[in-house]
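Colleague: Mind having a look at this structure? Questions to follow.
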Amino acid sequence: MSFSSHFSSGSSPFDEDLATLSNYLEVVTRHIKIDWEINWDTKTFGGYAELTLESRVEGLQEVKLDSSFLDVKGVEVNGKSVEYSLDSRIEVMGEALRIKLPKSLNKGESITIKITYSTTPQCTAVGWLEPAQTKSGKHPYLYSQAQAIHARSMLPCQDTPAVKASYEAKVRSGRGSEVLLSGQRKGVKELAERGEGWREFTYEQPVGIPSYLIAIAAGELTHKPFEDLQGRNWSTGCWTEPLNMEKAFWEFHKDTANFVKTAEDLTSSYKFGVYDILFLPESFPYGGMENSCLTFATPTIIAGDRSQVDVVAHEISHSWFGNGIGCASWSHFWLNEGWTTYLERLIMRETHGELERQLSVITSIGRRGLVGYLERLNPRFQKLVIEYKEHEDPDEGYSQVPYEKGANFLLYLERTLGGLENFIPYMKDYVRTFEGTSITTDQWREHLFHYFKQHQDAEELTRRLGKVDWDEWLHGSGPDLCVDIQYDDTLSKACYDLAAKWDKARDGDVSSFTKDDIKDFSSTQTVVFLDKLETYDTLPPKVVAALDKLYGLGSTGNAEIGLRFFEVALKSGPEYAESAAAWVINKGRMKFCRPVFRLLNEQKPELAKKTFLKHANFYHPIARKMIAKDLGVKVE
């Protein structure tokens, strides 16, 4: 018995994953062998997935796997064809693939199931780009985004964060494309017999990961390593389209390896061997996706001033929280994102100092942004432990709550328990105890109490833990945190003062402002300034125009600043609607495109709908679905 199994899963109704159709509580996947061939013409790939599973019960007679929009051609168990069936489709969840076993399995016995299949054009995990949508305009491109429940549209699997399995893969592709997967590359073989440009790529991922971290990208790609750090047994580097490499390398070569090193020093050894960043085309819907070994990142973080490198610190932190210790169901997603955001800010503290950490908590990325999200959310999704219904899409509950409410909760506990002097050793023990497992909030809390009961100041610290309002933090809803956490505002004071000055200039007299007002601001401080400005009554259009003219906010290359400016401008009136529409058509990241489309729809609904429908195919299927819902339109 591992030490982590000492901590029971409790009896919470949210322990079972309601977003999977698999019988993962009865049988668990240990390893997956993938063999794919990419068909660029039909925008599909196929071959087979071979799963090695272990029974968790006595007398197992059937295996149920998740599948969605897959064309299943045959199933073998231990090398022999068997009967299988697909249940009727449950919208979003897909179709359960039922496989009848030739003989029942006892607890601890293993079995190998091989499913021959192909994906279909309805696959919700993969975005296919035409050559015109890439930098060079010469080659097609594909990339996957499997979180939360889209891996089942790439391969039949137990599509739940509760199950972690190692995997190996061979993928063949023509057209001279490079193929990347979320593992360690073991080889590339020319396939001369298939014609020019055909190659086979071999990958291994020896560390058990949840299905949503199985990832693929292919296209015109090149790699450049970052400098190795002495004494560290891993490498870092970046992949991107050749025309993007110079900017991407400059932006991230300086900090990436140091971020991994700092995270290691705060937690435990980095176990994935390689940490590369793939800068994707502009349609990627997230800031970053922590695919193991290979973070997928939006090119919008290549700001030209290294101001967005903290996104990579966040994805690196997932190597311990999410990829290392994972949530047992999407109800406990905050264990992934709250801890990751907390560690990300500790990395910022080690790199830039405590004041920078405090600034990041204050900003719209942090507490202020959380309040904005909470105001718009269904009360169910304001909670840290989300009460999902059976077969409910976890994407519906996606918000900043697990990130920011979770990180603020951990900051609150850090202060309650005596500061970092006590909390960092606890964090290391938490990682050591649960690394490689998927847990619930009850297990996390049980370990927290267990750890501090062993502390030299156990009586006092457990008394403090006992006074925490656990129910309100974990299960409470509302427009703000249940505790008014105070932050150091040293770096934000000048931002607030400038915002207050603009608020007082709403009569149109802007003669006291100059472009030098923000010359000493960091990009983060400019974001804080705009966030604070947005808390005041809407500015008149002529004042917004003056703001833009002086500071050049509407034409900035920094997407975080651009987003905030257009939020201020579109709330003022329709004057910036055309500019916002032109800005948003190449912003695939949902953090940017969804709020701008929503505000554009309020000011000029016809322009919003026309702009989206014209460019709908640019967006990833996940983003396309959410924007269409926001605007009340249908897309094919």
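Every chain in the structure tokens takes a letter, A first, then B, and so on in the order presented; its residues are numbered from 1, and the ligands are numbered from 1 following the presented order.
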Write out as a tab-separated table the residues of region 279-345 of chain A that have any atom within 8 Å of an atom of region 436-452 of chain A, one row each with the nearest atom pair and its distance in Å to one decimal, counting only C-alpha atoms, sorted by chain and then rising number.
Modeller:
residue	atom	partner	partner_atom	distance
A:Asn323	CA	A:Gly436	CA	7.7
A:Gly324	CA	A:Gly436	CA	5.0
A:Ile325	CA	A:Thr437	CA	5.4
A:Gly326	CA	A:Ser438	CA	4.4
A:Cys327	CA	A:Ser438	CA	5.0
A:Ala328	CA	A:Ser438	CA	4.7
A:Ser329	CA	A:Thr440	CA	7.5
A:His332	CA	A:Thr440	CA	6.1
A:Leu335	CA	A:Thr441	CA	7.2
Colleague: Within 10 Å of Asp395 (chain A), counting only C-alpha atoms, which residues show up once you throw out same-chain ones fewer than 2 positions away? Write them as number ranges by chain, please.
Modeller: A: 147-149, 330, 392-393, 397-399, 622, 626
Colleague: To one decimal place in Å, what is the distance between CA of Gln400 (chain A) and CA of Leu374 (chain A)?
Modeller: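 Between CA of Gln400 (chain A) and CA of Leu374 (chain A) the gap works out to 8.5 Å.
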Colleague: What's around region 165-178 of chain A at 7 Å? Count only C-alpha atoms, leave out sequence neighbours fewer than 5 positions away in its own chain, and write the answer as a PyMOL selection string.
Modeller: chain A and resi 29-38+197-210+218-221
Colleague: Name the closest residue to Trp128 (chain A) among the candidates A:Arg56, A:His318, A:Lys43, A:Lys501; distances are taken between atoms, counting only C-alpha atoms.
Modeller: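 Residue with the minimum atom-to-atom distance to Trp128 (chain A): A:Lys43.
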Colleague: When DSSP works through the backbone of this structure, what residues of region 209-437 of chain A end up as strand (DSSP E or B), shown as a PyMOL selection string?
Modeller: chain A and resi 209+216-219+222-225+235-240+274-279+288-289+294-297+321+325-327
Colleague: Restricting it to N, CA and C atoms, dump the selection as a compact mmCIF listing (two decimals), in the first residue's frame.
Modeller:
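As a result, selection.txt now contains:
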# COMPACT_ATOMS: atom_id res chain seq x y z
N ILE A 209 -0.28 9.59 -17.34
CA ILE A 209 -0.96 10.88 -17.47
C ILE A 209 -2.44 10.64 -17.75
N ILE A 216 -1.49 15.99 -29.93
CA ILE A 216 -0.77 15.88 -31.20
C ILE A 216 -0.81 17.23 -31.91
N ALA A 217 0.26 17.54 -32.61
CA ALA A 217 0.30 18.70 -33.50
C ALA A 217 1.14 18.30 -34.71
N ALA A 218 0.82 18.85 -35.86
CA ALA A 218 1.58 18.53 -37.07
C ALA A 218 1.49 19.69 -38.04
N GLY A 219 2.59 19.91 -38.75
CA GLY A 219 2.63 20.99 -39.73
C GLY A 219 4.06 21.37 -40.03
N THR A 222 9.62 23.79 -36.64
CA THR A 222 11.06 23.67 -36.41
C THR A 222 11.34 23.82 -34.92
N HIS A 223 12.48 23.30 -34.49
CA HIS A 223 12.81 23.28 -33.06
C HIS A 223 14.14 23.99 -32.80
N LYS A 224 14.22 24.65 -31.66
CA LYS A 224 15.48 25.25 -31.22
C LYS A 224 15.61 25.06 -29.72
N PRO A 225 16.70 24.44 -29.26
CA PRO A 225 16.84 24.19 -27.82
C PRO A 225 17.24 25.46 -27.07
N SER A 235 15.86 18.91 -20.43
CA SER A 235 16.17 19.92 -21.43
C SER A 235 14.94 20.78 -21.69
N THR A 236 15.16 21.97 -22.23
CA THR A 236 14.06 22.86 -22.60
C THR A 236 14.30 23.41 -24.00
N GLY A 237 13.25 23.85 -24.65
CA GLY A 237 13.38 24.42 -25.99
C GLY A 237 12.02 24.83 -26.51
N CYS A 238 11.98 25.26 -27.76
CA CYS A 238 10.69 25.65 -28.34
C CYS A 238 10.55 25.13 -29.76
N TRP A 239 9.31 24.84 -30.11
CA TRP A 239 8.87 24.48 -31.45
C TRP A 239 7.95 25.58 -31.95
N THR A 240 8.04 25.91 -33.21
CA THR A 240 7.10 26.84 -33.81
C THR A 240 7.28 26.82 -35.31
N VAL A 274 11.86 16.30 -20.59
CA VAL A 274 11.99 17.42 -21.54
C VAL A 274 10.83 18.37 -21.30
N TYR A 275 11.12 19.66 -21.39
CA TYR A 275 10.06 20.67 -21.34
C TYR A 275 10.21 21.58 -22.54
N ASP A 276 9.40 21.34 -23.55
CA ASP A 276 9.38 22.16 -24.75
C ASP A 276 8.08 22.96 -24.81
N ILE A 277 8.13 24.09 -25.49
CA ILE A 277 6.94 24.89 -25.73
C ILE A 277 6.66 24.87 -27.23
N LEU A 278 5.44 24.57 -27.60
CA LEU A 278 5.01 24.67 -29.00
C LEU A 278 4.13 25.91 -29.12
N PHE A 279 4.61 26.89 -29.88
CA PHE A 279 3.81 28.07 -30.14
C PHE A 279 2.93 27.79 -31.36
N GLY A 288 -2.34 28.62 -22.68
CA GLY A 288 -1.41 27.51 -22.74
C GLY A 288 -2.13 26.24 -22.32
N MET A 289 -1.66 25.12 -22.80
CA MET A 289 -2.19 23.83 -22.37
C MET A 289 -1.02 22.97 -21.97
N LEU A 294 5.35 18.89 -23.54
CA LEU A 294 5.18 19.82 -24.65
C LEU A 294 3.99 20.75 -24.39
N THR A 295 4.25 21.88 -23.74
CA THR A 295 3.20 22.87 -23.55
C THR A 295 2.77 23.45 -24.89
N PHE A 296 1.47 23.46 -25.14
CA PHE A 296 0.91 24.16 -26.29
C PHE A 296 0.62 25.59 -25.85
N ALA A 297 1.10 26.58 -26.60
CA ALA A 297 0.95 27.97 -26.18
C ALA A 297 0.42 28.83 -27.31
N PHE A 321 1.14 19.88 -10.50
CA PHE A 321 -0.27 19.97 -10.11
C PHE A 321 -1.14 19.85 -11.36
N ILE A 325 0.04 15.56 -9.48
CA ILE A 325 -1.16 15.29 -8.67
C ILE A 325 -2.35 15.82 -9.45
N GLY A 326 -3.32 14.96 -9.73
CA GLY A 326 -4.46 15.38 -10.52
C GLY A 326 -5.75 15.30 -9.73
N CYS A 327 -6.79 15.91 -10.29
CA CYS A 327 -8.11 15.84 -9.67
C CYS A 327 -8.78 14.52 -10.06
